[in-house]
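For reference, model.tsv (TSV, C-alpha atoms):
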chain	number	residue	atom	x	y	z
A	1	MET	CA	-7.99	24.42	31.93
A	2	ASN	CA	-9.99	21.17	31.76
A	3	LYS	CA	-12.19	22.69	29.05
A	4	ILE	CA	-9.15	23.66	26.96
A	5	ALA	CA	-7.67	20.16	27.30
A	6	LEU	CA	-11.00	18.53	26.42
A	7	ASN	CA	-11.53	20.73	23.35
A	8	PHE	CA	-7.95	20.20	22.18
A	9	SER	CA	-8.24	16.42	22.54
A	10	ARG	CA	-11.62	16.41	20.83
A	11	ILE	CA	-10.50	18.48	17.84
A	12	PHE	CA	-7.12	16.73	17.48
A	13	VAL	CA	-8.55	13.21	17.64
A	14	GLY	CA	-11.58	14.07	15.47
A	15	VAL	CA	-9.54	15.71	12.71
A	16	LEU	CA	-6.90	12.96	12.76
A	17	PHE	CA	-9.52	10.21	12.51
A	18	ILE	CA	-11.23	11.95	9.58
A	19	PHE	CA	-7.89	12.54	7.85
A	20	SER	CA	-6.76	8.94	8.42
A	21	GLY	CA	-10.10	7.57	7.20
A	22	LEU	CA	-10.09	9.74	4.07
A	23	ILE	CA	-6.48	8.86	3.19
A	24	LYS	CA	-7.25	5.15	3.42
A	25	ALA	CA	-10.61	5.57	1.67
A	26	ASN	CA	-8.74	7.26	-1.18
A	27	ASP	CA	-7.02	3.92	-1.76
A	28	THR	CA	-9.38	1.28	-0.39
A	29	LEU	CA	-7.87	-1.53	-2.41
A	30	GLY	CA	-4.39	-0.68	-1.11
A	31	PHE	CA	-5.70	-0.70	2.46
A	32	GLY	CA	-7.31	-4.06	1.71
A	33	TYR	CA	-3.92	-5.43	0.59
A	34	LYS	CA	-2.46	-4.26	3.91
A	35	LEU	CA	-5.23	-6.03	5.85
A	36	GLU	CA	-4.42	-9.24	3.96
A	37	GLU	CA	-0.86	-9.01	5.34
A	38	TYR	CA	-2.25	-8.81	8.87
A	39	PHE	CA	-4.63	-11.72	8.21
A	40	ASP	CA	-1.65	-13.83	7.10
A	41	VAL	CA	0.37	-12.85	10.18
A	42	PHE	CA	-2.44	-13.84	12.55
A	43	HIS	CA	-3.23	-17.01	10.56
A	44	ILE	CA	-6.77	-15.89	9.74
A	45	SER	CA	-6.34	-15.91	5.96
A	46	PHE	CA	-9.95	-17.00	5.55
A	47	PHE	CA	-10.78	-13.28	5.95
A	48	SER	CA	-8.62	-12.34	2.93
A	49	PRO	CA	-11.43	-12.60	0.33
A	50	TYR	CA	-13.33	-10.02	2.38
A	51	ALA	CA	-10.35	-7.70	2.95
A	52	THR	CA	-11.55	-4.94	0.63
A	53	GLY	CA	-15.05	-4.93	2.15
A	54	ILE	CA	-13.60	-4.81	5.66
A	55	ALA	CA	-11.28	-2.00	4.56
A	56	MET	CA	-14.25	0.02	3.28
A	57	ILE	CA	-16.15	-0.40	6.55
A	58	LEU	CA	-13.11	0.60	8.66
A	59	CYS	CA	-12.53	3.71	6.52
A	60	VAL	CA	-16.14	4.81	6.86
A	61	LEU	CA	-16.12	4.05	10.59
A	62	GLU	CA	-13.03	6.22	11.15
A	63	ILE	CA	-14.51	9.15	9.23
A	64	VAL	CA	-17.91	8.88	10.91
A	65	LEU	CA	-16.52	8.59	14.46
A	66	GLY	CA	-14.15	11.51	13.85
A	67	ALA	CA	-17.00	13.68	12.52
A	68	LEU	CA	-19.38	12.75	15.34
A	69	LEU	CA	-16.68	13.56	17.90
A	70	LEU	CA	-16.29	17.03	16.39
A	71	PHE	CA	-20.07	17.49	16.38
A	72	GLY	CA	-20.28	16.19	19.96
A	73	PHE	CA	-23.18	13.87	19.08
A	74	TRP	CA	-23.81	10.66	21.08
A	75	ASN	CA	-20.74	11.35	23.24
A	76	ARG	CA	-20.83	8.11	25.27
A	77	LYS	CA	-21.20	5.78	22.26
A	78	VAL	CA	-18.65	7.68	20.16
A	79	ALA	CA	-16.05	7.74	22.95
A	80	THR	CA	-16.54	4.00	23.49
A	81	GLY	CA	-16.20	3.30	19.76
A	82	LEU	CA	-13.03	5.40	19.51
A	83	LEU	CA	-11.51	3.64	22.50
A	84	GLY	CA	-12.25	0.21	21.03
A	85	ILE	CA	-10.74	1.11	17.66
A	86	ILE	CA	-7.57	2.69	19.08
A	87	ILE	CA	-6.94	-0.28	21.41
A	88	PHE	CA	-7.27	-2.57	18.39
A	89	PHE	CA	-4.92	-0.49	16.20
A	90	THR	CA	-2.40	0.01	19.02
A	91	PHE	CA	-2.23	-3.76	19.43
A	92	LEU	CA	-1.69	-4.25	15.68
A	93	THR	CA	1.05	-1.62	15.42
A	94	PHE	CA	2.81	-3.03	18.50
A	95	VAL	CA	2.82	-6.52	16.97
A	96	SER	CA	4.15	-5.06	13.68
A	97	ALA	CA	6.92	-3.16	15.46
A	98	ALA	CA	7.94	-5.74	18.05
A	99	PHE	CA	7.90	-8.79	15.78
A	100	LYS	CA	8.69	-7.02	12.46
A	101	VAL	CA	5.89	-8.86	10.69
A	102	VAL	CA	4.37	-5.95	8.71
A	103	THR	CA	6.82	-3.24	7.65
A	104	SER	CA	4.20	-0.49	7.30
A	105	CYS	CA	0.85	-0.31	9.06
A	106	GLY	CA	-0.89	1.66	6.32
A	107	CYS	CA	-2.29	4.12	8.89
A	108	PHE	CA	-2.08	6.99	6.41
A	109	GLY	CA	-1.88	4.86	3.26
A	110	ASP	CA	1.02	5.65	0.93
A	111	ALA	CA	0.59	9.38	1.53
A	112	ILE	CA	2.57	9.37	4.79
A	113	PRO	CA	4.57	6.14	5.15
A	114	LEU	CA	5.37	5.39	8.78
A	115	THR	CA	7.73	2.83	10.25
A	116	PRO	CA	6.15	0.31	12.64
A	117	TRP	CA	7.56	2.08	15.72
A	118	GLN	CA	6.40	5.49	14.44
A	119	SER	CA	2.93	4.02	13.93
A	120	PHE	CA	2.93	2.54	17.42
A	121	SER	CA	4.09	5.86	18.95
A	122	LYS	CA	1.34	7.70	17.10
A	123	ASP	CA	-1.27	5.24	18.37
A	124	LEU	CA	0.03	5.55	21.95
A	125	VAL	CA	-0.48	9.32	21.83
A	126	LEU	CA	-3.97	8.83	20.41
A	127	LEU	CA	-4.73	6.19	23.04
A	128	LEU	CA	-3.86	8.62	25.84
A	129	LEU	CA	-6.02	11.37	24.32
A	130	ILE	CA	-8.95	9.02	23.71
A	131	VAL	CA	-8.75	7.60	27.24
A	132	TYR	CA	-8.94	11.22	28.47
A	133	LEU	CA	-11.98	11.81	26.23
A	134	PHE	CA	-13.57	8.59	27.45
A	135	ILE	CA	-13.13	9.59	31.09
A	136	HIS	CA	-14.66	13.02	30.42
A	137	ARG	CA	-17.16	11.84	27.79
A	138	ASN	CA	-20.12	13.32	29.68
A	139	SER	CA	-18.54	16.77	29.37
A	140	ILE	CA	-18.50	16.62	25.54
A	141	LEU	CA	-21.34	18.92	24.50
A	142	PRO	CA	-23.09	18.64	21.09
A	143	VAL	CA	-23.17	21.57	18.68
A	144	THR	CA	-26.96	21.13	18.60
A	145	GLN	CA	-29.46	19.29	20.78
A	146	ASN	CA	-31.93	18.85	17.90
A	147	ALA	CA	-32.33	15.07	17.43
A	148	GLY	CA	-33.53	15.48	13.84
A	149	VAL	CA	-30.48	17.51	12.85
A	150	GLN	CA	-28.22	14.97	14.54
A	151	LYS	CA	-29.74	12.09	12.55
A	152	ILE	CA	-29.51	14.03	9.28
A	153	ALA	CA	-25.84	14.83	9.97
A	154	LEU	CA	-25.13	11.16	10.71
A	155	ILE	CA	-26.85	9.98	7.51
A	156	ALA	CA	-25.02	12.63	5.46
A	157	VAL	CA	-21.58	11.72	6.84
A	158	VAL	CA	-22.15	7.98	6.38
A	159	ALA	CA	-23.52	8.44	2.85
A	160	LEU	CA	-20.70	10.76	1.72
A	161	SER	CA	-18.07	8.45	3.22
A	162	PHE	CA	-19.47	5.41	1.44
A	163	ILE	CA	-19.87	7.28	-1.86
A	164	PHE	CA	-16.24	8.46	-1.74
A	165	THR	CA	-14.98	5.00	-0.77
A	166	ILE	CA	-16.92	3.20	-3.52
A	167	TYR	CA	-15.91	5.83	-6.10
A	168	THR	CA	-12.17	5.44	-5.44
A	169	TYR	CA	-12.51	1.66	-5.43
A	170	SER	CA	-14.26	1.74	-8.80
A	171	TYR	CA	-12.31	4.52	-10.54
A	172	LEU	CA	-8.85	4.56	-8.87
A	173	PRO	CA	-7.63	6.91	-6.12
A	174	VAL	CA	-8.50	10.60	-6.47
A	175	ILE	CA	-4.90	11.42	-5.47
A	176	ASP	CA	-2.30	8.84	-6.47
A	177	PHE	CA	0.61	8.66	-4.00
A	178	LEU	CA	2.24	5.66	-5.67
A	179	PRO	CA	5.36	5.84	-7.89
A	180	TYR	CA	3.31	4.77	-10.94
A	181	LYS	CA	1.13	7.89	-10.90
A	182	VAL	CA	0.22	9.80	-14.06
A	183	GLY	CA	3.18	11.88	-15.24
A	184	ALA	CA	5.81	9.68	-13.57
A	185	SER	CA	8.81	8.49	-15.57
A	186	LEU	CA	9.18	4.84	-14.61
A	187	PRO	CA	12.80	4.42	-15.83
A	188	ASP	CA	13.82	7.50	-13.81
A	189	ALA	CA	12.01	6.19	-10.74
A	190	MET	CA	14.06	2.98	-10.96
A	191	LYS	CA	17.47	4.68	-11.22
A	192	ILE	CA	19.93	5.34	-8.43
A	193	PRO	CA	21.52	8.78	-9.01
A	194	GLU	CA	25.28	9.02	-9.41
A	195	GLY	CA	26.98	9.57	-6.10
A	196	ALA	CA	23.97	8.42	-4.08
A	197	GLU	CA	24.96	6.79	-0.81
A	198	PRO	CA	24.30	3.03	-0.77
A	199	ASP	CA	23.12	1.00	2.22
A	200	GLN	CA	25.84	0.52	4.83
A	201	TYR	CA	26.25	-2.86	6.47
A	202	LEU	CA	28.39	-4.50	9.13
A	203	ILE	CA	29.43	-8.13	8.93
A	204	MET	CA	28.43	-9.76	12.22
A	205	TYR	CA	30.22	-12.83	13.59
A	206	LYS	CA	29.03	-15.23	16.27
A	207	LEU	CA	31.91	-16.35	18.46
A	208	LYS	CA	32.20	-19.16	20.99
A	209	ASN	CA	34.94	-19.71	23.53
A	210	LYS	CA	36.09	-23.33	23.51
A	211	ALA	CA	37.34	-23.18	27.08
A	212	THR	CA	34.42	-21.40	28.82
A	213	ALA	CA	31.56	-21.98	26.31
A	214	GLU	CA	30.90	-18.23	26.46
A	215	THR	CA	29.32	-16.79	23.29
A	216	LYS	CA	29.31	-13.27	21.92
A	217	GLU	CA	28.40	-11.38	18.76
A	218	MET	CA	30.89	-9.03	17.20
A	219	SER	CA	31.22	-6.96	14.03
A	220	ASP	CA	34.02	-7.57	11.56
A	221	LYS	CA	35.56	-4.22	12.52
A	222	ASP	CA	35.62	-5.04	16.23
A	223	TYR	CA	36.88	-8.52	15.43
A	224	LEU	CA	39.98	-7.02	13.83
A	225	LYS	CA	40.31	-4.06	16.21
A	226	THR	CA	40.27	-6.14	19.41
A	227	GLU	CA	42.52	-8.78	17.83
A	228	ILE	CA	40.34	-11.45	19.37
A	229	TRP	CA	41.26	-13.60	16.40
A	230	LYS	CA	44.69	-14.10	17.99
A	231	ASP	CA	43.09	-16.01	20.87
A	232	SER	CA	42.73	-19.56	19.64
A	233	ASN	CA	39.98	-20.25	22.20
A	234	TRP	CA	37.58	-17.99	20.32
A	235	GLN	CA	36.10	-19.54	17.21
A	236	ILE	CA	33.58	-18.23	14.69
A	237	VAL	CA	30.46	-20.40	14.65
A	238	GLY	CA	27.85	-20.42	11.92
A	239	ASN	CA	27.85	-18.12	8.93
A	240	PRO	CA	28.48	-14.35	9.18
A	241	VAL	CA	25.39	-12.19	8.64
A	242	GLN	CA	24.96	-8.68	7.28
A	243	LYS	CA	23.48	-6.07	9.61
A	244	LEU	CA	22.10	-2.84	8.14
A	245	ILE	CA	23.45	0.13	10.09
A	246	LYS	CA	22.49	3.00	7.78
A	247	LYS	CA	19.86	3.10	5.06
A	248	GLY	CA	21.12	4.52	1.80
A	249	TYR	CA	19.28	5.93	-1.21
A	250	GLU	CA	16.32	3.84	-2.25
A	251	PRO	CA	14.73	4.33	-5.69
A	252	LYS	CA	10.97	4.87	-5.77
A	253	ILE	CA	10.58	1.69	-7.82
A	254	LYS	CA	12.96	-1.02	-6.67
A	255	ASP	CA	11.14	-4.29	-7.20
A	256	LEU	CA	9.84	-4.26	-10.78
A	257	ILE	CA	11.32	-6.92	-13.06
A	258	ILE	CA	9.33	-7.87	-16.16
A	259	SER	CA	10.17	-11.14	-17.89
A	260	ASP	CA	8.71	-13.55	-20.42
A	261	ALA	CA	7.80	-17.18	-19.75
A	262	ALA	CA	11.43	-18.21	-20.29
A	263	GLY	CA	12.69	-15.72	-17.70
A	264	THR	CA	14.24	-13.26	-20.18
A	265	ASN	CA	14.24	-9.71	-18.75
A	266	TYR	CA	12.11	-7.33	-20.84
A	267	THR	CA	11.85	-4.48	-18.28
A	268	LYS	CA	13.98	-1.99	-20.18
A	269	GLU	CA	12.46	-2.81	-23.57
A	270	LEU	CA	8.87	-2.42	-22.40
A	271	LEU	CA	9.32	0.61	-20.17
A	272	GLU	CA	11.50	2.60	-22.56
A	273	ASN	CA	9.37	2.11	-25.66
A	274	PRO	CA	9.50	5.53	-27.43
A	275	TYR	CA	5.99	5.04	-28.84
A	276	TYR	CA	2.61	4.69	-27.19
A	277	ASN	CA	2.10	1.30	-25.62
A	278	LEU	CA	-0.69	-0.12	-23.49
A	279	ILE	CA	0.05	-2.14	-20.37
A	280	ILE	CA	-2.83	-4.26	-19.11
A	281	VAL	CA	-2.19	-5.19	-15.47
A	282	ALA	CA	-4.01	-8.25	-14.18
A	283	TYR	CA	-1.93	-9.29	-11.19
A	284	ASN	CA	-4.25	-12.22	-10.43
A	285	LEU	CA	-5.87	-13.85	-13.45
A	286	ASN	CA	-7.95	-16.10	-11.20
A	287	ASN	CA	-9.89	-13.11	-9.84
A	288	THR	CA	-9.71	-10.70	-12.75
A	289	ASN	CA	-12.86	-9.36	-14.40
A	290	THR	CA	-13.22	-11.55	-17.51
A	291	GLU	CA	-15.80	-9.28	-19.13
A	292	ALA	CA	-13.34	-6.40	-18.90
A	293	ILE	CA	-10.61	-8.58	-20.41
A	294	GLY	CA	-12.89	-9.18	-23.39
A	295	LYS	CA	-13.37	-5.45	-23.93
A	296	LEU	CA	-9.64	-4.83	-23.58
A	297	ASN	CA	-9.06	-7.55	-26.15
A	298	ALA	CA	-11.15	-5.61	-28.65
A	299	LEU	CA	-9.25	-2.44	-27.76
A	300	THR	CA	-5.96	-4.27	-28.33
A	301	MET	CA	-7.05	-5.38	-31.79
A	302	ASP	CA	-8.07	-1.86	-32.88
A	303	ALA	CA	-4.94	-0.22	-31.43
A	304	THR	CA	-2.66	-2.76	-33.12
A	305	GLU	CA	-4.39	-2.73	-36.52
A	306	GLN	CA	-4.77	1.03	-36.85
A	307	PHE	CA	-1.71	2.42	-35.04
A	308	ASN	CA	0.57	-0.57	-34.41
A	309	ILE	CA	0.30	0.09	-30.66
A	310	ARG	CA	2.08	-2.58	-28.67
A	311	THR	CA	-0.17	-4.02	-25.95
A	312	VAL	CA	1.07	-6.37	-23.27
A	313	LEU	CA	-0.57	-8.04	-20.30
A	314	LEU	CA	1.37	-8.23	-17.02
A	315	THR	CA	0.49	-10.85	-14.45
A	316	SER	CA	2.00	-12.64	-11.45
A	317	ASN	CA	0.37	-15.96	-12.34
A	318	SER	CA	2.44	-18.88	-13.56
A	319	ALA	CA	3.18	-19.19	-17.27
A	320	GLN	CA	1.04	-22.32	-17.39
A	321	ASP	CA	-1.98	-20.57	-15.84
A	322	ALA	CA	-1.48	-17.51	-18.04
A	323	GLU	CA	-1.30	-19.63	-21.19
A	324	ALA	CA	-4.53	-21.42	-20.27
A	325	PHE	CA	-6.19	-18.07	-19.51
A	326	SER	CA	-4.95	-16.68	-22.83
A	327	LYS	CA	-6.52	-19.55	-24.76
A	328	ARG	CA	-9.84	-19.27	-22.93
A	329	SER	CA	-10.00	-15.50	-23.41
A	330	LYS	CA	-8.49	-15.54	-26.92
A	331	LEU	CA	-6.00	-12.87	-25.82
A	332	LEU	CA	-4.37	-10.80	-28.55
A	333	SER	CA	-1.84	-9.10	-26.27
A	334	GLU	CA	1.58	-10.47	-25.37
A	335	ILE	CA	1.93	-11.86	-21.86
A	336	PHE	CA	4.75	-10.96	-19.49
A	337	TYR	CA	5.35	-11.68	-15.83
A	338	ALA	CA	6.22	-9.69	-12.72
A	339	ASP	CA	5.86	-9.99	-8.97
A	340	ALA	CA	2.40	-9.25	-7.56
A	341	VAL	CA	3.64	-6.46	-5.24
A	342	PRO	CA	4.67	-3.94	-7.94
A	343	LEU	CA	1.70	-4.94	-10.11
A	344	LYS	CA	-0.69	-4.08	-7.28
A	345	SER	CA	1.02	-0.67	-7.04
A	346	MET	CA	0.91	0.01	-10.78
A	347	VAL	CA	-2.84	0.36	-10.86
A	348	ARG	CA	-5.37	-0.36	-8.12
A	349	ALA	CA	-7.59	-2.55	-10.27
A	350	ASN	CA	-7.65	-6.09	-11.61
A	351	PRO	CA	-7.43	-5.51	-14.50
A	352	GLY	CA	-6.22	-1.95	-14.94
A	353	VAL	CA	-4.59	-0.21	-17.89
A	354	LEU	CA	-1.57	2.10	-18.19
A	355	LEU	CA	-0.81	4.15	-21.28
A	356	LEU	CA	2.96	4.66	-21.55
A	357	LYS	CA	5.20	6.61	-23.88
A	358	ASN	CA	8.97	6.89	-23.41
A	359	GLY	CA	8.47	5.25	-20.04
A	360	VAL	CA	6.17	8.04	-18.83
A	361	VAL	CA	2.73	7.18	-17.50
A	362	ILE	CA	0.50	9.23	-19.82
A	363	ASN	CA	-2.70	8.01	-18.17
A	364	LYS	CA	-4.12	5.04	-16.26
A	365	TRP	CA	-7.58	3.58	-15.74
A	366	SER	CA	-9.49	1.00	-13.79
A	367	TYR	CA	-11.22	-1.55	-16.00
A	368	GLN	CA	-14.47	0.27	-15.20
A	369	SER	CA	-13.29	3.56	-16.67
A	370	VAL	CA	-11.12	2.62	-19.67
A	371	PRO	CA	-12.04	4.97	-22.57
A	372	SER	CA	-13.30	3.61	-25.88
A	373	PHE	CA	-10.81	3.19	-28.70
A	374	GLU	CA	-12.28	6.23	-30.45
A	375	LYS	CA	-11.67	8.40	-27.39
A	376	LEU	CA	-8.12	7.11	-27.02
A	377	LYS	CA	-7.56	7.71	-30.70
A	378	THR	CA	-8.76	11.32	-30.49
A	379	ALA	CA	-7.00	12.12	-27.22
A	380	TYR	CA	-3.66	10.44	-27.93
A	381	PHE	CA	-3.03	8.30	-31.01
A	382	ASP	CA	-4.08	10.85	-33.67
A	383	LYS	CA	-1.81	13.55	-32.25
Could you write out this file's structure as structure tokens?
Amino acid sequence: MNKIALNFSRIFVGVLFIFSGLIKANDTLGFGYKLEEYFDVFHISFFSPYATGIAMILCVLEIVLGALLLFGFWNRKVATGLLGIIIFFTFLTFVSAAFKVVTSCGCFGDAIPLTPWQSFSKDLVLLLLIVYLFIHRNSILPVTQNAGVQKIALIAVVALSFIFTIYTYSYLPVIDFLPYKVGASLPDAMKIPEGAEPDQYLIMYKLKNKATAETKEMSDKDYLKTEIWKDSNWQIVGNPVQKLIKKGYEPKIKDLIISDAAGTNYTKELLENPYYNLIIVAYNLNNTNTEAIGKLNALTMDATEQFNIRTVLLTSNSAQDAEAFSKRSKLLSEIFYADAVPLKSMVRANPGVLLLKNGVVINKWSYQSVPSFEKLKTAYFDK
């Protein structure tokens, strides 16, 4: 029985760690954004510039520890490493859930979104299994005792993990779980279907009894039902607040508003353009790759001159900063503005490029993989 429990725990934990590591490694930049949220919460924002590097290391560490657990190599060190990591993540997910500071832990990236309490529950289960493995770590037997084979396996797992992580960072996720993925219709993803149930709220009142100084909180429905309003001793204090009691339909894209420097909304015009248009996303112009911007500038000129392709640059910087950047870089594209959160989701690169037509994402690229104008011309514009 102990052997069955040990093997189950070993396989379950090992596979889950590999899966979790791979999912996050598929979108290292997105995991880095999530780490930045945690850094802000714990007031250690000085780590933020290193968030992506830390994310890469954590992804590789998860994959490697999961694989070594399955292989049974270095059982004492691996069990200790797993225990340290799960204690750390359990603490983070508890803080997220209890204090509502980070709405999603990013445990499985955007592939499997979990609420903070779901994340914490998952980590509690893992903690119990890993504690069991740690207690019985000496009973974990390796698949081979050959030290040379063990070292080769370790080097192979580390190398493959790093290669995959660096590849997705450089050339976008292999599998895109975000609403701006290739083939997605952005206008459709922003719509709420007819008849869809909206969020349901209660209006909450704070009441105070003038005679006894007793206080209580009550919904608007109970306020009327109990007829407490007839008792002149009870008075509403402060402003009523809305309390969400049932989540309604939520569109896949709910936070994208594109405007010009004057604040005029251009979302519909840009996203529903019936012709090909190029969207350059540089959510942070201060950290964007300026060499790539230069190449995209040349692409903009050719696309405009030969096919009248509209090219715009989206950023979350201020209009003043964007104007100064435009002059320095001699930008040929129009500049529009949106919040950083949806821009980071549009394309995991700074800058990145989306090719749209009728609001559909035809293709998207990191600045490191944008095709030449001739290739774009052959693949899309000439057809």
Kindly list the centre and edge lengths in Å, rounded to one decimal, for the axis-aligned box that covers all listed atoms of stretch 261-268 of chain A plus 8 Å on each of its six sides, as JSON.
{"center_x": 11.0, "center_y": -10.1, "center_z": -19.3, "size_x": 22.4, "size_y": 32.2, "size_z": 19.1}
Self-check item: Selection near A:Ile280, 6 Å with all atoms listed in the file, sequence-local residues under 4 positions removed, as a PyMOL selection string
Solution: chain A and resi 313+352-353
Practice problem: List every protein, DNA or RNA residue with an atom no more than 8 Å from (-1.9, 2.3, -12.4) in the file's coordinates, counting all atoms listed in the file, and format the result as a list in words. | Solution: Tyr180, Lys181, Val182, Ser345, Met346, Val347, Arg348, Ala349, Gly352, Val353, Leu354, Lys364, Trp365 and Ser366 of chain A
Quiz item: So which residues touch A:Arg310 within 9 Å, counting all atoms listed in the file, skipping near sequence neighbours fewer than 2 positions away, as number ranges by chain?
Solution: A: 275-279, 300, 303-304, 307-308, 312, 333-334
Exercise. Please provide the set of residues having any atom within 8 Å of A:Ala51, restricted to only C-alpha atoms, with same-chain residues fewer than 2 positions apart removed, written as an MDAnalysis selection string.
Key: chainID A and resid 32:33 35:36 47:49 53:55
Practice problem: Take atom CA of A:Thr267 and atom CA of A:Val281 and report the distance between them in Å, one decimal. | Solution: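 Between these atoms lies a distance of 14.3 Å.
For the atom pair formed by atom CA of A:Leu61 and atom CA of A:His136, the distance is 21.8 Å, given to one decimal.
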Self-check item: Given only C-alpha atoms as the counted atoms, nearest of A:Thr215, A:Leu186, A:Ser369, A:Val241 to A:Leu356
Solution: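 Distance minimum relative to A:Leu356 lands on A:Leu186.
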Cut-off 9 Å: closest stretch 119-187 of chain A/stretch 64-86 of chain A atom pairs per residue, using only C-alpha atoms, as a Markdown table:
| residue | atom | partner | partner_atom | distance |
| --- | --- | --- | --- | --- |
| A:Asp123 | CA | A:Ile86 | CA | 6.8 |
| A:Leu124 | CA | A:Ile86 | CA | 8.6 |
| A:Leu126 | CA | A:Ile86 | CA | 7.2 |
| A:Leu127 | CA | A:Ile86 | CA | 6.0 |
| A:Ile130 | CA | A:Leu83 | CA | 6.1 |
| A:Val131 | CA | A:Leu83 | CA | 6.8 |
| A:Leu133 | CA | A:Ala79 | CA | 6.6 |
| A:Phe134 | CA | A:Ala79 | CA | 5.2 |
| A:Ile135 | CA | A:Ala79 | CA | 8.8 |
| A:Arg137 | CA | A:Arg76 | CA | 5.8 |
| A:Asn138 | CA | A:Asn75 | CA | 6.8 |
| A:Ser139 | CA | A:Asn75 | CA | 8.5 |
| A:Ile140 | CA | A:Gly72 | CA | 5.9 |
| A:Leu141 | CA | A:Gly72 | CA | 5.4 |
| A:Pro142 | CA | A:Gly72 | CA | 3.9 |
| A:Val143 | CA | A:Phe71 | CA | 5.6 |
| A:Thr144 | CA | A:Phe71 | CA | 8.1 |
| A:Gln145 | CA | A:Phe73 | CA | 8.5 |
| A:Gln150 | CA | A:Phe73 | CA | 6.9 |
| A:Ala153 | CA | A:Leu68 | CA | 8.7 |
| A:Leu154 | CA | A:Leu68 | CA | 7.6 |
| A:Val157 | CA | A:Val64 | CA | 6.2 |
| A:Val158 | CA | A:Val64 | CA | 6.3 |
| A:Ser161 | CA | A:Val64 | CA | 7.7 |
Got time to write the residues from that selection, C-alpha atoms, as a compact mmCIF listing (two decimals), in the frame of the given file?
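Saved the output as result-v6.txt:
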# COMPACT_ATOMS: atom_id res chain seq x y z
CA ASP A 123 -1.27 5.24 18.37
CA LEU A 124 0.03 5.55 21.95
CA LEU A 126 -3.97 8.83 20.41
CA LEU A 127 -4.73 6.19 23.04
CA ILE A 130 -8.95 9.02 23.71
CA VAL A 131 -8.75 7.60 27.24
CA LEU A 133 -11.98 11.81 26.23
CA PHE A 134 -13.57 8.59 27.45
CA ILE A 135 -13.13 9.59 31.09
CA ARG A 137 -17.16 11.84 27.79
CA ASN A 138 -20.12 13.32 29.68
CA SER A 139 -18.54 16.77 29.37
CA ILE A 140 -18.50 16.62 25.54
CA LEU A 141 -21.34 18.92 24.50
CA PRO A 142 -23.09 18.64 21.09
CA VAL A 143 -23.17 21.57 18.68
CA THR A 144 -26.96 21.13 18.60
CA GLN A 145 -29.46 19.29 20.78
CA GLN A 150 -28.22 14.97 14.54
CA ALA A 153 -25.84 14.83 9.97
CA LEU A 154 -25.13 11.16 10.71
CA VAL A 157 -21.58 11.72 6.84
CA VAL A 158 -22.15 7.98 6.38
CA SER A 161 -18.07 8.45 3.22
Quiz item: In Å, how far is it from atom CA of A:Val370 to atom CA of A:Gly294?
Solution: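 Interatomic distance, atom CA of A:Val370 to atom CA of A:Gly294: 12.5 Å.
When all atoms listed in the file are used to measure the gap to A:Asn239, the shortest distance among A:Asp260, A:Glu217, A:Glu272, A:Asp222 belongs to A:Glu217.
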Self-check item: Among the residues A:Ala184, A:Tyr249, A:Asp302, A:Phe164, the one that comes closest to A:Gln200 [using only C-alpha atoms]
Solution: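 With only C-alpha atoms as the atom set, the closest residue is A:Tyr249.
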Practice problem: Can you work out which one of A:Phe89, A:Phe177, A:Trp229, A:Trp234 has the shortest atom-to-atom distance to A:Ile23, counting all atoms listed in the file? | Solution: A:Phe177
Quiz item: From the set A:Lys344, A:Lys208, A:Lys375, A:Lys357, which residue has the shortest atom-to-atom contact distance to A:Leu29, counting only C-alpha atoms?
Solution: A:Lys344
Exercise. Enumerate, as a list in words, the protein, DNA and RNA residues whose atoms approach (-9.6, -14.7, -12.8) to within 12 Å, taking into account all atoms listed in the file and the coordinate frame of the file.
Key: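 Every polymer residue passing the test: Ala282, Tyr283, Asn284, Leu285, Asn286, Asn287, Thr288, Asn289, Thr290, Glu291, Ala292, Ile293, Thr315, Ser316, Asn317, Asp321, Ala322, Ala324, Phe325, Ser326, Arg328, Ser329, Asn350 and Pro351 of chain A.
Residue nearest A:Pro274 within the list A:Gly183, A:Gly195, A:Pro251, A:Gly359: A:Gly359 [criterion: smallest interatomic distance, only C-alpha atoms].
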Could you name the residues that touch A:Asp176 at 9 Å or less, counting all atoms listed in the file, but leaving out those on the same chain fewer than 2 positions away, as an mmCIF file with C-alpha atoms, in the frame of the given file?
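Output below, filename around05.cif:
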data_model
loop_
_atom_site.group_PDB
_atom_site.id
_atom_site.type_symbol
_atom_site.label_atom_id
_atom_site.label_comp_id
_atom_site.auth_asym_id
_atom_site.auth_seq_id
_atom_site.Cartn_x
_atom_site.Cartn_y
_atom_site.Cartn_z
ATOM 1 C CA ASN A 26 -8.740 7.260 -1.180
ATOM 2 C CA ASP A 27 -7.020 3.920 -1.760
ATOM 3 C CA ASP A 110 1.020 5.650 0.930
ATOM 4 C CA ALA A 111 0.590 9.380 1.530
ATOM 5 C CA LEU A 172 -8.850 4.560 -8.870
ATOM 6 C CA PRO A 173 -7.630 6.910 -6.120
ATOM 7 C CA VAL A 174 -8.500 10.600 -6.470
ATOM 8 C CA LEU A 178 2.240 5.660 -5.670
ATOM 9 C CA PRO A 179 5.360 5.840 -7.890
ATOM 10 C CA TYR A 180 3.310 4.770 -10.940
ATOM 11 C CA LYS A 181 1.130 7.890 -10.900
ATOM 12 C CA VAL A 182 0.220 9.800 -14.060
#
Quiz item: Which polymer residues have any atom within 7 Å of an atom of A:Met218, counting all atoms listed in the file, with same-chain residues fewer than 5 positions away left out, as a list in words?
Solution: Met204, Tyr205, Lys206 and Tyr223 of chain A
